[in-house]
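K.L.:
Below you will find the structure I want to go over with you.
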Amino acid sequence: MSLSFENVQLTYDELHALDNLNLQVESGEALAIIGPSGCGKSSMLRLAAGLAQPTSGTVRINGNLAERPRKQTALILQNFGLLPWKTVRQNAELGLLIQGAPAAERTRRTTEALARVGLADFANSYPNQLSGGMQQRLALARAIALDIDTLLMDEPLSALDALLREELQDTLLALWQEKRYTQVLVTHSIEEAVYLGQRIAVMAPRPGRVVATIENPLMGSAQWRSQDAFFSQCRAVRAALEGGSHE
Ligand code: ADP
Ligand code: MG
């Protein structure tokens, strides 16, 4: 599905969290959003998920106002949102349960999703028995068990160490290439934005806005992380971030 922010303004009391924000995400596109803390990234995802409303301007999903949460959109938060007293399988099944899917379908989809993220053997474990990377995979399984067309992620990998992070980035890339949902990834990491964004929106704070949009057409190509072009894209993103913070 397509997602658009048109002249969006969001204020909390006196604070201009987002101002005159314009951004279009095409159906099936993978967008990365990067910017310093406080520039309104999480607020944007809440608007896109239909969990908040702009003060002015419009947020649309497939042309319709994003007025409420929709079934086909999944939002993965930084803290994973796992329930410690439920098993891995029960956690993965949660979204389907909330959506009222029949038991047989829940079982089938959950089994498939857990296998897809490499957690098939841990279905009966509890979240606190899993490593951070596995917990992140579980949050991902919960999202892909649903019939989603949109995946929104708020700094999903920031708690992981560098190597694990790259492993999870590979999983995210493979899943997106396979399923082609519209993906919006909020990240603090320049490398992550360049690895996972076909386009990279660079934001600046006070007021939160997009200061640059960088096309990244080689995203997804083989050995992308070690290509020269990857590093020059990282430099371009860094320059845009620095430009934004000097304004
Ligand atoms: P980011 O995710 O980029 O760090 P946020 O969207 O969380 O940014 O926040 C943008 C700005 O809005 C920050 O200055 C933050 O303190 C403020 N803010 C976020 N949520 C609220 C809220 N519920 N009430 C008041 N201020 C908020
Ligand atoms: Mg945030």
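Each chain in the structure tokens gets a letter, A, B and so on, in the order shown; residues start at 1 in every chain, and ligands are counted from 1 in the order they appear.
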Check which residues fall inside 8 Å of ligand 1 when counting only C-alpha atoms and all ligand atoms, and print them as a PDB file with N, CA, C and O atoms, in the first residue's frame.
P.N.:
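For reference, pocket.pdb as written:
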```
ATOM      1  N   THR A  11       1.765  18.897  16.837  1.00  0.00           N
ATOM      2  CA  THR A  11       2.267  19.641  17.997  1.00  0.00           C
ATOM      3  C   THR A  11       1.810  18.953  19.271  1.00  0.00           C
ATOM      4  O   THR A  11       0.705  18.420  19.353  1.00  0.00           O
ATOM      5  N   TYR A  12       2.721  18.911  20.241  1.00  0.00           N
ATOM      6  CA  TYR A  12       2.375  18.459  21.585  1.00  0.00           C
ATOM      7  C   TYR A  12       2.454  19.723  22.436  1.00  0.00           C
ATOM      8  O   TYR A  12       3.542  20.265  22.620  1.00  0.00           O
ATOM      9  N   ASP A  13       1.346  20.201  22.926  1.00  0.00           N
ATOM     10  CA  ASP A  13       1.311  21.496  23.618  1.00  0.00           C
ATOM     11  C   ASP A  13       1.980  22.544  22.717  1.00  0.00           C
ATOM     12  O   ASP A  13       1.545  22.764  21.623  1.00  0.00           O
ATOM     13  N   LEU A  15       5.128  22.292  21.643  1.00  0.00           N
ATOM     14  CA  LEU A  15       6.241  21.703  20.902  1.00  0.00           C
ATOM     15  C   LEU A  15       5.852  21.275  19.485  1.00  0.00           C
ATOM     16  O   LEU A  15       4.909  20.517  19.299  1.00  0.00           O
ATOM     17  N   HIS A  16       6.615  21.756  18.506  1.00  0.00           N
ATOM     18  CA  HIS A  16       6.363  21.355  17.122  1.00  0.00           C
ATOM     19  C   HIS A  16       7.142  20.073  16.838  1.00  0.00           C
ATOM     20  O   HIS A  16       8.293  20.126  16.438  1.00  0.00           O
ATOM     21  N   ALA A  17       6.504  18.946  17.091  1.00  0.00           N
ATOM     22  CA  ALA A  17       7.192  17.668  16.888  1.00  0.00           C
ATOM     23  C   ALA A  17       7.433  17.443  15.400  1.00  0.00           C
ATOM     24  O   ALA A  17       8.483  16.945  14.991  1.00  0.00           O
ATOM     25  N   LEU A  18       6.459  17.798  14.569  1.00  0.00           N
ATOM     26  CA  LEU A  18       6.608  17.685  13.115  1.00  0.00           C
ATOM     27  C   LEU A  18       6.036  18.942  12.482  1.00  0.00           C
ATOM     28  O   LEU A  18       4.986  19.437  12.907  1.00  0.00           O
ATOM     29  N   GLY A  35      17.466  10.139  11.619  1.00  0.00           N
ATOM     30  CA  GLY A  35      17.521  11.496  12.152  1.00  0.00           C
ATOM     31  C   GLY A  35      17.824  11.424  13.630  1.00  0.00           C
ATOM     32  O   GLY A  35      17.649  10.382  14.248  1.00  0.00           O
ATOM     33  N   PRO A  36      18.294  12.541  14.191  1.00  0.00           N
ATOM     34  CA  PRO A  36      18.657  12.528  15.608  1.00  0.00           C
ATOM     35  C   PRO A  36      17.440  12.317  16.495  1.00  0.00           C
ATOM     36  O   PRO A  36      16.305  12.517  16.075  1.00  0.00           O
ATOM     37  N   SER A  37      17.707  11.932  17.701  1.00  0.00           N
ATOM     38  CA  SER A  37      16.653  11.691  18.677  1.00  0.00           C
ATOM     39  C   SER A  37      15.826  12.976  18.864  1.00  0.00           C
ATOM     40  O   SER A  37      16.365  14.078  18.891  1.00  0.00           O
ATOM     41  N   GLY A  38      14.516  12.814  18.897  1.00  0.00           N
ATOM     42  CA  GLY A  38      13.629  13.960  19.108  1.00  0.00           C
ATOM     43  C   GLY A  38      13.146  14.632  17.834  1.00  0.00           C
ATOM     44  O   GLY A  38      12.427  15.633  17.897  1.00  0.00           O
ATOM     45  N   CYS A  39      13.517  14.110  16.656  1.00  0.00           N
ATOM     46  CA  CYS A  39      13.104  14.785  15.425  1.00  0.00           C
ATOM     47  C   CYS A  39      11.734  14.313  14.933  1.00  0.00           C
ATOM     48  O   CYS A  39      11.258  14.766  13.892  1.00  0.00           O
ATOM     49  N   GLY A  40      11.102  13.433  15.681  1.00  0.00           N
ATOM     50  CA  GLY A  40       9.724  13.070  15.343  1.00  0.00           C
ATOM     51  C   GLY A  40       9.557  11.760  14.602  1.00  0.00           C
ATOM     52  O   GLY A  40       8.492  11.490  14.048  1.00  0.00           O
ATOM     53  N   LYS A  41      10.570  10.908  14.609  1.00  0.00           N
ATOM     54  CA  LYS A  41      10.499   9.645  13.869  1.00  0.00           C
ATOM     55  C   LYS A  41       9.397   8.725  14.427  1.00  0.00           C
ATOM     56  O   LYS A  41       8.582   8.200  13.680  1.00  0.00           O
ATOM     57  N   SER A  42       9.404   8.553  15.741  1.00  0.00           N
ATOM     58  CA  SER A  42       8.384   7.674  16.337  1.00  0.00           C
ATOM     59  C   SER A  42       6.998   8.270  16.129  1.00  0.00           C
ATOM     60  O   SER A  42       6.029   7.538  15.877  1.00  0.00           O
ATOM     61  N   SER A  43       6.907   9.579  16.216  1.00  0.00           N
ATOM     62  CA  SER A  43       5.608  10.232  15.979  1.00  0.00           C
ATOM     63  C   SER A  43       5.109   9.933  14.570  1.00  0.00           C
ATOM     64  O   SER A  43       3.920   9.667  14.363  1.00  0.00           O
ATOM     65  N   MET A  44       6.018   9.961  13.600  1.00  0.00           N
ATOM     66  CA  MET A  44       5.621   9.657  12.221  1.00  0.00           C
ATOM     67  C   MET A  44       5.062   8.250  12.095  1.00  0.00           C
ATOM     68  O   MET A  44       4.071   8.021  11.401  1.00  0.00           O
ATOM     69  N   ASP A 154      10.292   0.671  14.406  1.00  0.00           N
ATOM     70  CA  ASP A 154      10.889   1.790  15.132  1.00  0.00           C
ATOM     71  C   ASP A 154      12.193   1.344  15.791  1.00  0.00           C
ATOM     72  O   ASP A 154      12.171   0.714  16.847  1.00  0.00           O
ATOM     73  N   PRO A 205      15.628  17.974  13.727  1.00  0.00           N
ATOM     74  CA  PRO A 205      14.673  18.329  14.783  1.00  0.00           C
ATOM     75  C   PRO A 205      14.366  19.829  14.870  1.00  0.00           C
ATOM     76  O   PRO A 205      15.028  20.635  14.234  1.00  0.00           O
ATOM     77  N   ARG A 206      13.356  20.124  15.689  1.00  0.00           N
ATOM     78  CA  ARG A 206      12.985  21.496  16.090  1.00  0.00           C
ATOM     79  C   ARG A 206      12.850  22.453  14.932  1.00  0.00           C
ATOM     80  O   ARG A 206      13.689  23.330  14.795  1.00  0.00           O
ATOM     81  N   GLY A 208      10.591  19.038  13.734  1.00  0.00           N
ATOM     82  CA  GLY A 208      10.901  17.805  13.018  1.00  0.00           C
ATOM     83  C   GLY A 208      10.441  17.889  11.575  1.00  0.00           C
ATOM     84  O   GLY A 208       9.303  18.231  11.289  1.00  0.00           O
TER      85      GLY A 208
END
```
K.L.:
Need the shell around A:Gln169: protein/DNA/RNA residues with any atom at most 12 Å away, counting only C-alpha atoms. Skip same-chain ones fewer than 3 positions apart. Format as a ChimeraX atom specification?
P.N.:
/A:117,133,136-137,140,155-158,160-166,172-176,185,187,189,191-197,220,225
K.L.:
Can you measure atom CA of A:Gly50 to atom CA of A:Pro69 for me? One decimal in Å is fine.
P.N.:
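Value for the atom CA of A:Gly50-atom CA of A:Pro69 distance: 4.5 Å.
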K.L.:
Figure out the distance between atom CA of A:Arg199 and atom CA of A:Ile144, please, to one decimal in Å.
P.N.:
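Straight-line distance from atom CA of A:Ile144 to atom CA of A:Arg199 works out to 22.5 Å.
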K.L.:
Taking only C-alpha atoms into account, name the residue in A:Val202, A:Leu151, A:Ala236, A:Leu241 that is nearest to A:Ala32.
P.N.:
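Looking at the shortest contact to A:Ala32, the residue is A:Val202.
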K.L.:
So that I can check the secondary structure, give me every residue of stretch 70-184 of chain A assigned helix (DSSP H, G or I) by backbone DSSP, as a PyMOL selection string.
P.N.:
chain A and resi 88-98+103-116+120-122+127-129+132-144+162-179
K.L.:
Residues within 9 Å of A:Leu75, please, as a list in words. Count only C-alpha atoms; anything in the same chain fewer than 6 positions from it doesn't count.
P.N.:
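Within the cut-off, the hits are Leu45, Arg46, Ala49, Ala143, Thr150, Leu151, Leu152, Met153 and Asp154 of chain A.
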K.L.:
Tell me which protein, DNA and RNA residues are within 9 Å of A:Gly28, counting only C-alpha atoms, leaving out same-chain ones fewer than 2 positions away, and put them as an mmCIF file with N, CA, C and O atoms, in the first residue's frame.
P.N.:
```
data_model
loop_
_atom_site.group_PDB
_atom_site.id
_atom_site.type_symbol
_atom_site.label_atom_id
_atom_site.label_comp_id
_atom_site.auth_asym_id
_atom_site.auth_seq_id
_atom_site.Cartn_x
_atom_site.Cartn_y
_atom_site.Cartn_z
ATOM 1 N N MET A 1 0.837 -1.193 0.000
ATOM 2 C CA MET A 1 0.000 0.000 0.000
ATOM 3 C C MET A 1 0.875 1.247 0.000
ATOM 4 O O MET A 1 1.996 1.212 0.441
ATOM 5 N N SER A 2 0.350 2.311 -0.483
ATOM 6 C CA SER A 2 1.122 3.559 -0.478
ATOM 7 C C SER A 2 0.806 4.346 0.786
ATOM 8 O O SER A 2 -0.244 4.163 1.397
ATOM 9 N N VAL A 25 5.487 7.362 0.246
ATOM 10 C CA VAL A 25 6.088 6.033 0.143
ATOM 11 C C VAL A 25 5.216 5.218 -0.801
ATOM 12 O O VAL A 25 4.015 5.090 -0.585
ATOM 13 N N GLU A 26 5.847 4.699 -1.859
ATOM 14 C CA GLU A 26 5.069 3.947 -2.847
ATOM 15 C C GLU A 26 4.795 2.534 -2.342
ATOM 16 O O GLU A 26 5.524 2.009 -1.505
ATOM 17 N N ALA A 30 10.717 0.188 0.111
ATOM 18 C CA ALA A 30 11.376 0.117 1.413
ATOM 19 C C ALA A 30 12.017 1.461 1.691
ATOM 20 O O ALA A 30 12.970 1.853 1.027
ATOM 21 N N ASP A 149 0.457 -5.816 4.568
ATOM 22 C CA ASP A 149 0.998 -5.185 3.366
ATOM 23 C C ASP A 149 1.917 -4.028 3.744
ATOM 24 O O ASP A 149 2.486 -3.370 2.885
ATOM 25 N N THR A 150 2.045 -3.787 5.031
ATOM 26 C CA THR A 150 2.841 -2.661 5.499
ATOM 27 C C THR A 150 3.551 -3.032 6.790
ATOM 28 O O THR A 150 2.911 -3.490 7.735
ATOM 29 N N TRP A 176 11.582 -8.811 3.130
ATOM 30 C CA TRP A 176 10.990 -7.758 2.294
ATOM 31 C C TRP A 176 11.072 -8.141 0.814
ATOM 32 O O TRP A 176 10.114 -7.960 0.060
ATOM 33 N N LYS A 179 8.348 -10.813 0.331
ATOM 34 C CA LYS A 179 6.940 -10.456 0.535
ATOM 35 C C LYS A 179 6.544 -9.125 -0.077
ATOM 36 O O LYS A 179 5.371 -8.873 -0.327
ATOM 37 N N ARG A 180 7.518 -8.251 -0.279
ATOM 38 C CA ARG A 180 7.280 -6.965 -0.928
ATOM 39 C C ARG A 180 6.175 -6.136 -0.291
ATOM 40 O O ARG A 180 5.376 -5.497 -0.978
ATOM 41 N N TYR A 181 6.124 -6.171 1.025
ATOM 42 C CA TYR A 181 5.251 -5.217 1.684
ATOM 43 C C TYR A 181 5.908 -3.844 1.645
ATOM 44 O O TYR A 181 7.105 -3.716 1.360
ATOM 45 N N THR A 182 5.136 -2.825 1.928
ATOM 46 C CA THR A 182 5.692 -1.488 2.048
ATOM 47 C C THR A 182 6.399 -1.442 3.400
ATOM 48 O O THR A 182 5.820 -1.818 4.409
ATOM 49 N N GLN A 183 7.656 -1.042 3.380
ATOM 50 C CA GLN A 183 8.427 -1.101 4.620
ATOM 51 C C GLN A 183 8.966 0.276 4.995
ATOM 52 O O GLN A 183 9.586 0.949 4.184
#
```
K.L.:
Have a look at atom CA of A:Leu138 and atom CA of A:Lys86 and let me know their distance in Å, one decimal.
P.N.:
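Interatomic distance here is 12.1 Å.
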K.L.:
List every residue of stretch 105-234 of chain A that DSSP, applied to the backbone of this structure, places in strand (DSSP E or B), and write the result as a list in words.
P.N.:
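Answer for stretch 105-234 of chain A, restricted to strand (DSSP E or B): Thr150, Leu151, Leu152, Met153, Asp154, Thr182, Gln183, Val184, Leu185, Val186, Thr187, Arg199, Ile200, Ala201, Val202, Met203, Ala204, Arg209, Val210, Val211, Ala212, Thr213, Ile214 and Glu215 of chain A.
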K.L.:
Write the residues of the preceding selection, restricted to N, CA, C and O atoms, as a compact mmCIF listing (two decimals), in the first residue's frame.
P.N.:
```txt
# COMPACT_ATOMS: atom_id res chain seq x y z
N THR A 150 2.04 -3.79 5.03
CA THR A 150 2.84 -2.66 5.50
C THR A 150 3.55 -3.03 6.79
O THR A 150 2.91 -3.49 7.73
N LEU A 151 4.87 -2.84 6.80
CA LEU A 151 5.63 -3.12 8.02
C LEU A 151 6.35 -1.84 8.45
O LEU A 151 7.19 -1.30 7.72
N LEU A 152 5.99 -1.37 9.64
CA LEU A 152 6.60 -0.16 10.20
C LEU A 152 7.48 -0.61 11.37
O LEU A 152 7.04 -1.37 12.22
N MET A 153 8.73 -0.14 11.39
CA MET A 153 9.63 -0.57 12.46
C MET A 153 10.34 0.61 13.08
O MET A 153 10.94 1.43 12.38
N ASP A 154 10.29 0.67 14.41
CA ASP A 154 10.89 1.79 15.13
C ASP A 154 12.19 1.34 15.79
O ASP A 154 12.17 0.71 16.85
N THR A 182 5.14 -2.82 1.93
CA THR A 182 5.69 -1.49 2.05
C THR A 182 6.40 -1.44 3.40
O THR A 182 5.82 -1.82 4.41
N GLN A 183 7.66 -1.04 3.38
CA GLN A 183 8.43 -1.10 4.62
C GLN A 183 8.97 0.28 5.00
O GLN A 183 9.59 0.95 4.18
N VAL A 184 8.72 0.67 6.22
CA VAL A 184 9.29 1.91 6.73
C VAL A 184 10.11 1.57 7.97
O VAL A 184 9.57 1.07 8.96
N LEU A 185 11.40 1.79 7.86
CA LEU A 185 12.32 1.45 8.95
C LEU A 185 12.92 2.72 9.52
O LEU A 185 13.59 3.48 8.82
N VAL A 186 12.68 2.94 10.80
CA VAL A 186 13.30 4.07 11.49
C VAL A 186 14.58 3.56 12.14
O VAL A 186 14.57 2.52 12.81
N THR A 187 15.66 4.25 11.91
CA THR A 187 16.93 3.79 12.46
C THR A 187 17.82 4.97 12.85
O THR A 187 17.69 6.07 12.33
N ARG A 199 15.11 4.22 -0.48
CA ARG A 199 15.19 5.66 -0.36
C ARG A 199 15.42 5.96 1.11
O ARG A 199 14.93 5.24 1.97
N ILE A 200 16.16 7.02 1.39
CA ILE A 200 16.46 7.34 2.78
C ILE A 200 16.00 8.77 3.05
O ILE A 200 16.45 9.71 2.40
N ALA A 201 15.06 8.90 3.98
CA ALA A 201 14.60 10.23 4.38
C ALA A 201 15.42 10.67 5.57
O ALA A 201 15.48 9.97 6.59
N VAL A 202 16.09 11.80 5.44
CA VAL A 202 16.93 12.33 6.51
C VAL A 202 16.17 13.44 7.21
O VAL A 202 15.69 14.38 6.56
N MET A 203 16.04 13.31 8.53
CA MET A 203 15.25 14.29 9.28
C MET A 203 16.10 15.15 10.18
O MET A 203 17.23 14.79 10.54
N ALA A 204 15.58 16.31 10.53
CA ALA A 204 16.23 17.21 11.48
C ALA A 204 15.17 17.64 12.50
O ALA A 204 13.98 17.66 12.19
N ARG A 209 11.36 17.61 10.67
CA ARG A 209 11.01 17.68 9.24
C ARG A 209 12.02 16.86 8.44
O ARG A 209 13.10 16.53 8.95
N VAL A 210 11.67 16.59 7.18
CA VAL A 210 12.59 15.86 6.30
C VAL A 210 13.47 16.89 5.60
O VAL A 210 12.96 17.80 4.95
N VAL A 211 14.78 16.80 5.77
CA VAL A 211 15.68 17.77 5.16
C VAL A 211 16.29 17.26 3.85
O VAL A 211 16.79 18.05 3.05
N ALA A 212 16.28 15.96 3.65
CA ALA A 212 16.80 15.42 2.40
C ALA A 212 16.21 14.04 2.16
O ALA A 212 15.89 13.32 3.11
N THR A 213 16.05 13.71 0.90
CA THR A 213 15.65 12.35 0.56
C THR A 213 16.69 11.82 -0.42
O THR A 213 16.95 12.45 -1.45
N ILE A 214 17.31 10.74 -0.05
CA ILE A 214 18.42 10.22 -0.84
C ILE A 214 18.01 8.93 -1.53
O ILE A 214 17.57 7.98 -0.87
N GLU A 215 18.11 8.91 -2.85
CA GLU A 215 17.80 7.70 -3.61
C GLU A 215 18.93 6.70 -3.42
O GLU A 215 20.11 7.07 -3.38
```
K.L.:
Would you list the contacts of A:Gly57 as a list of chain:residue names, taking every protein, DNA or RNA residue within 8 Å and counting only C-alpha atoms, but skipping same-chain residues closer than 2 positions in sequence?
P.N.:
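Non-adjacent residues within range: A:Phe5, A:Glu6, A:Asn7, A:Val8, A:Gln9, A:Pro54, A:Thr55, A:Val59.
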K.L.:
Write out the residues from the selection above, keeping N, CA and C atoms, as a PDB file, in the first residue's frame.
P.N.:
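In the end it all went to result23.pdb:
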```pdb
ATOM      1  N   PHE A   5       2.393  11.519   3.598  1.00  0.00           N
ATOM      2  CA  PHE A   5       2.271  12.599   4.572  1.00  0.00           C
ATOM      3  C   PHE A   5       2.187  13.882   3.754  1.00  0.00           C
ATOM      4  N   GLU A   6       1.125  14.632   3.930  1.00  0.00           N
ATOM      5  CA  GLU A   6       0.968  15.871   3.169  1.00  0.00           C
ATOM      6  C   GLU A   6       0.841  17.046   4.125  1.00  0.00           C
ATOM      7  N   ASN A   7       1.832  17.930   4.088  1.00  0.00           N
ATOM      8  CA  ASN A   7       1.840  19.127   4.941  1.00  0.00           C
ATOM      9  C   ASN A   7       1.502  18.805   6.387  1.00  0.00           C
ATOM     10  N   VAL A   8       2.096  17.747   6.888  1.00  0.00           N
ATOM     11  CA  VAL A   8       1.723  17.298   8.232  1.00  0.00           C
ATOM     12  C   VAL A   8       2.417  18.124   9.305  1.00  0.00           C
ATOM     13  N   GLN A   9       1.590  18.546  10.233  1.00  0.00           N
ATOM     14  CA  GLN A   9       2.097  19.235  11.403  1.00  0.00           C
ATOM     15  C   GLN A   9       1.586  18.468  12.617  1.00  0.00           C
ATOM     16  N   PRO A  54      -2.618  13.860  13.007  1.00  0.00           N
ATOM     17  CA  PRO A  54      -1.844  15.100  12.888  1.00  0.00           C
ATOM     18  C   PRO A  54      -2.658  16.297  13.392  1.00  0.00           C
ATOM     19  N   THR A  55      -1.952  17.327  13.832  1.00  0.00           N
ATOM     20  CA  THR A  55      -2.620  18.566  14.246  1.00  0.00           C
ATOM     21  C   THR A  55      -3.204  19.251  13.020  1.00  0.00           C
ATOM     22  N   VAL A  59      -2.474  12.356   6.619  1.00  0.00           N
ATOM     23  CA  VAL A  59      -1.702  11.127   6.448  1.00  0.00           C
ATOM     24  C   VAL A  59      -2.643  10.140   5.779  1.00  0.00           C
TER      25      VAL A  59
END
```
K.L.:
With only C-alpha atoms as the basis for distance, which of A:Ala222, A:Ala113, A:Leu47, A:Leu119 is at the shortest distance from A:Ala66?
P.N.:
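Going through A:Ala222, A:Ala113, A:Leu47, A:Leu119 one by one, the smallest distance to A:Ala66 is for A:Leu47.
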